[in-house]
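*Asks:* My questions will all concern the structure given below.
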Amino acid sequence: MSFKDLGLSAKLLRAVSEQGYSQPTPIQIKAIPAVIKGLDILAAAQTGTGKTAGFALPMLQLLNVKKTEKGFRPVRALILTPTRELAAQVHESFMTYGQHLDLRSTVVFGGVNINPQIKILRKGVDILVATPGRLLDHVGQKTLDLSNVEILVLDEADRMLDMGFIRDIRKIMALLPADRQNLLFSATFSREIKQLADELLNSPVLIEVARRNTAAEGIAQVIHHVDKKRKRELLSFLIGSRNWKQVLVFTRTKSGANRLAQQLEKDGINAAAIHGNKSQGARTRALDNFKQGVVRVLVATDIASRGLDIDQLPHVVNFELPHVPEDYVHRIGRTGRAGNEGEAVSLVCVDEHKLLRDIEHLIKRKVSEVVIKGYEPDPSIAPEAIENGRQKFKGKRSKSGQNRNSGMGMTLPRFETGKKRNRKFKNK
Ligand code: AMP
């Protein structure tokens, strides 16, 4: 199967081959023809599967074919993403794949001055990538008209719900024309996602691609047991002794990310932290420096890392295991992307054994354990914090919804077309 077989135009094929893509990924094989046909899509796919090109390429094709008007260009395609970083990356993908077409795309997100965004919107764009909050700011300021949107994409819909964007999403949906194409991408399928899909989608094509990271092809996973207080030391040792050049490290908290980045700097390792408390400028700078190799270690929290697209990221380190097992899968999905080899290392202390068991249960395999000489855990340290950890774990799960777990079963919702469909949003 080639990109040509999927019905893409010559200009898009040229952009694809300039990216060095020789074959479409499984999600692209399924999504591209369906989107070109104008169908709604419900796709179980996460970052790393090639999903962005899976929707961007056919959307560009549709928008280009139907382009008739001269003069002012109303927004005809709207892509909503949970994070600023993902918005910027999706926009970049549209620019890259659409470089030989005469279509305009822009991105709006919060944390930066709204005025330059207003200026660009005033000139008219065909494609708008946005985070929900800033999009509504523009609507409120009447600097944006959404009444010509033909295609709506919700990217990483599960994360948008986790981040509390559901009300914003509903408000935005109410501003769009009823007659439009809808594409929903989500890594997990909670009850809330199924409900949203039910409201949003019209006889959707269901697309499910193998979760490469449950099978973990291309990703070597390893655990180093180590005492909590020696984790930083071990991390510096691994980076130095193995000469890792580009490492993404996950911590559970923002303060933990800051602290670790500072400590690594003291060890002579260039590091930066990326999390929600950092200004947009600082986040973009850190990511750029990391991509260019100026910053060797990027320390991130789960939400900040979501959707980060860094080509061929060779090493991911779980400095602390996540409380939600699915986040482990998301984290290690940052490495070994699109067929490249990658390594995911987890530093596990005695308090985290329960979290580790939950992760292994979820990915249905035991992760191999390697002891690093000189860093063996002290057997006299009792797992006293386990109870604590468990309590915190429970609290977190109930807060973010018990659905997180159910998602990994990847049972797609069954749709009763028409009958159960709530047309509330379409009639507005
Ligand atoms: P995504 O899942 O959209 O975040 O894409 C993951 C990565 O795969 C990105 O770096 C893309 O540039 C890359 N990619 C997308 N499609 C292909 C393809 N057909 N062949 C090789 N790499 C691809």
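So you can find residues: chains in the structure tokens are A, B, ... in the order shown, residues in each start at 1, and ligands are numbered from 1 in order.
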Run DSSP on the backbone and grab whatever in region 102-235 of chain A lands in strand (DSSP E or B); send it over as a ChimeraX atom specification.
*Replies:* /A:105-108,127-130,151-154,181-186,205-208,219-225
*Asks:* Residues at most 12 Å from region 119-125 of chain A, counting only C-alpha atoms, excluding those fewer than 4 positions away in the same chain, as a PyMOL selection string?
*Replies:* chain A and resi 63+69-78+102-108+113-115+129+135+138-139+142-146+148-149
*Asks:* Limited to N, CA, C and O atoms, could you put the picked residues into a file as a compact mmCIF listing (two decimals), in the first residue's frame?
*Replies:*
```
# COMPACT_ATOMS: atom_id res chain seq x y z
N LEU A 63 -10.00 20.34 1.55
CA LEU A 63 -10.09 21.80 1.59
C LEU A 63 -9.58 22.40 0.28
O LEU A 63 -10.12 23.37 -0.22
N GLU A 69 -13.60 30.20 -3.23
CA GLU A 69 -13.69 31.65 -3.00
C GLU A 69 -12.35 32.36 -3.11
O GLU A 69 -11.33 31.83 -2.72
N LYS A 70 -12.42 33.55 -3.58
CA LYS A 70 -11.26 34.44 -3.53
C LYS A 70 -11.55 35.44 -2.41
O LYS A 70 -12.64 35.51 -1.89
N GLY A 71 -10.57 36.20 -2.05
CA GLY A 71 -10.79 37.23 -1.03
C GLY A 71 -10.69 36.64 0.37
O GLY A 71 -9.90 35.73 0.60
N PHE A 72 -11.51 37.12 1.29
CA PHE A 72 -11.39 36.71 2.69
C PHE A 72 -11.65 35.21 2.84
O PHE A 72 -12.55 34.66 2.22
N ARG A 73 -10.84 34.59 3.68
CA ARG A 73 -11.00 33.15 3.87
C ARG A 73 -11.53 32.86 5.26
O ARG A 73 -10.86 33.15 6.25
N PRO A 74 -12.72 32.29 5.34
CA PRO A 74 -13.23 31.92 6.66
C PRO A 74 -12.59 30.61 7.11
O PRO A 74 -12.11 29.83 6.28
N VAL A 75 -12.57 30.39 8.42
CA VAL A 75 -12.03 29.12 8.94
C VAL A 75 -12.93 27.98 8.48
O VAL A 75 -14.13 27.97 8.74
N ARG A 76 -12.34 27.02 7.78
CA ARG A 76 -13.13 25.89 7.27
C ARG A 76 -12.78 24.59 7.98
O ARG A 76 -13.49 23.60 7.88
N ALA A 77 -11.63 24.58 8.64
CA ALA A 77 -11.25 23.37 9.40
C ALA A 77 -10.75 23.80 10.77
O ALA A 77 -9.93 24.72 10.88
N LEU A 78 -11.28 23.16 11.80
CA LEU A 78 -10.90 23.49 13.17
C LEU A 78 -10.37 22.24 13.86
O LEU A 78 -11.05 21.21 13.88
N ASP A 102 -2.16 26.13 -1.78
CA ASP A 102 -2.42 27.52 -1.43
C ASP A 102 -3.50 27.57 -0.33
O ASP A 102 -4.61 28.03 -0.55
N LEU A 103 -3.17 27.04 0.83
CA LEU A 103 -4.10 27.09 1.96
C LEU A 103 -3.37 27.74 3.12
O LEU A 103 -2.17 27.60 3.26
N ARG A 104 -4.15 28.43 3.95
CA ARG A 104 -3.50 29.09 5.10
C ARG A 104 -3.92 28.41 6.40
O ARG A 104 -5.09 28.08 6.59
N SER A 105 -2.93 28.25 7.27
CA SER A 105 -3.21 27.62 8.56
C SER A 105 -2.60 28.49 9.66
O SER A 105 -1.58 29.15 9.45
N THR A 106 -3.24 28.51 10.81
CA THR A 106 -2.60 29.17 11.95
C THR A 106 -2.94 28.43 13.23
O THR A 106 -3.76 27.51 13.23
N VAL A 107 -2.29 28.84 14.31
CA VAL A 107 -2.52 28.18 15.59
C VAL A 107 -2.77 29.25 16.65
O VAL A 107 -2.12 30.29 16.64
N VAL A 108 -3.75 29.00 17.53
CA VAL A 108 -3.95 29.91 18.66
C VAL A 108 -3.98 29.10 19.95
O VAL A 108 -4.60 28.06 20.03
N ASN A 113 0.59 36.48 24.04
CA ASN A 113 -0.19 37.66 23.65
C ASN A 113 -1.23 37.30 22.58
O ASN A 113 -0.91 36.64 21.59
N ILE A 114 -2.44 37.77 22.79
CA ILE A 114 -3.52 37.41 21.86
C ILE A 114 -3.47 38.27 20.58
O ILE A 114 -3.97 37.86 19.53
N ASN A 115 -2.87 39.46 20.65
CA ASN A 115 -2.95 40.41 19.53
C ASN A 115 -2.35 39.91 18.21
O ASN A 115 -2.99 40.05 17.17
N VAL A 129 -5.81 25.65 14.19
CA VAL A 129 -5.50 24.68 15.26
C VAL A 129 -5.55 25.48 16.56
O VAL A 129 -4.98 26.57 16.64
N LEU A 135 -9.37 29.65 22.14
CA LEU A 135 -10.33 29.73 21.04
C LEU A 135 -11.57 30.50 21.50
O LEU A 135 -12.05 31.40 20.81
N HIS A 138 -11.09 34.20 21.73
CA HIS A 138 -11.22 34.86 20.43
C HIS A 138 -12.70 35.02 20.06
O HIS A 138 -13.10 36.07 19.57
N VAL A 139 -13.46 33.98 20.33
CA VAL A 139 -14.89 34.07 20.02
C VAL A 139 -15.51 35.21 20.83
O VAL A 139 -16.26 36.04 20.31
N LYS A 142 -14.88 38.49 19.56
CA LYS A 142 -15.42 38.60 18.19
C LYS A 142 -14.31 38.75 17.15
O LYS A 142 -14.44 39.48 16.16
N THR A 143 -13.22 38.06 17.40
CA THR A 143 -12.13 38.12 16.42
C THR A 143 -12.11 36.84 15.59
O THR A 143 -11.19 36.60 14.83
N LEU A 144 -13.14 36.04 15.78
CA LEU A 144 -13.17 34.75 15.10
C LEU A 144 -14.61 34.33 14.81
O LEU A 144 -15.47 34.41 15.68
N ASP A 145 -14.82 33.89 13.60
CA ASP A 145 -16.14 33.42 13.21
C ASP A 145 -16.02 31.94 12.85
O ASP A 145 -15.20 31.57 12.00
N LEU A 146 -16.82 31.12 13.50
CA LEU A 146 -16.70 29.67 13.26
C LEU A 146 -17.87 29.14 12.42
O LEU A 146 -18.07 27.93 12.33
N ASN A 148 -18.36 28.89 9.37
CA ASN A 148 -18.08 28.23 8.08
C ASN A 148 -17.27 26.96 8.22
O ASN A 148 -16.74 26.46 7.23
N VAL A 149 -17.16 26.46 9.45
CA VAL A 149 -16.33 25.27 9.68
C VAL A 149 -16.97 24.05 9.01
O VAL A 149 -18.14 23.74 9.25
```
*Asks:* Per DSSP on the backbone, what are the alpha helix (DSSP H) residues of region 34-92 of chain A, as a PyMOL selection string?
*Replies:* chain A and resi 34-36+51-66+84-92
*Asks:* Please identify all polymer residues within 12 Å of Val317 (chain A), counting only C-alpha atoms, omitting same-chain residues fewer than 6 positions from it, and present them as a count of residues only.
*Replies:* 37
*Asks:* Neighbours of Met160 (chain A) within 10 Å (only C-alpha atoms; same-chain residues fewer than 4 positions away dropped), as a ChimeraX atom specification?
*Replies:* /A:80-83,131-132,154-156,164-166,168-169,186,193
*Asks:* To one decimal place, how far is atom 8 (O, counted along the ligand's line) of ligand 1 from CA of Asn202 (chain A) in Å?
*Replies:*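 Spanning atom 8 (O, counted along the ligand's line) of ligand 1 to CA of Asn202 (chain A) is a straight-line distance of 28.3 Å.
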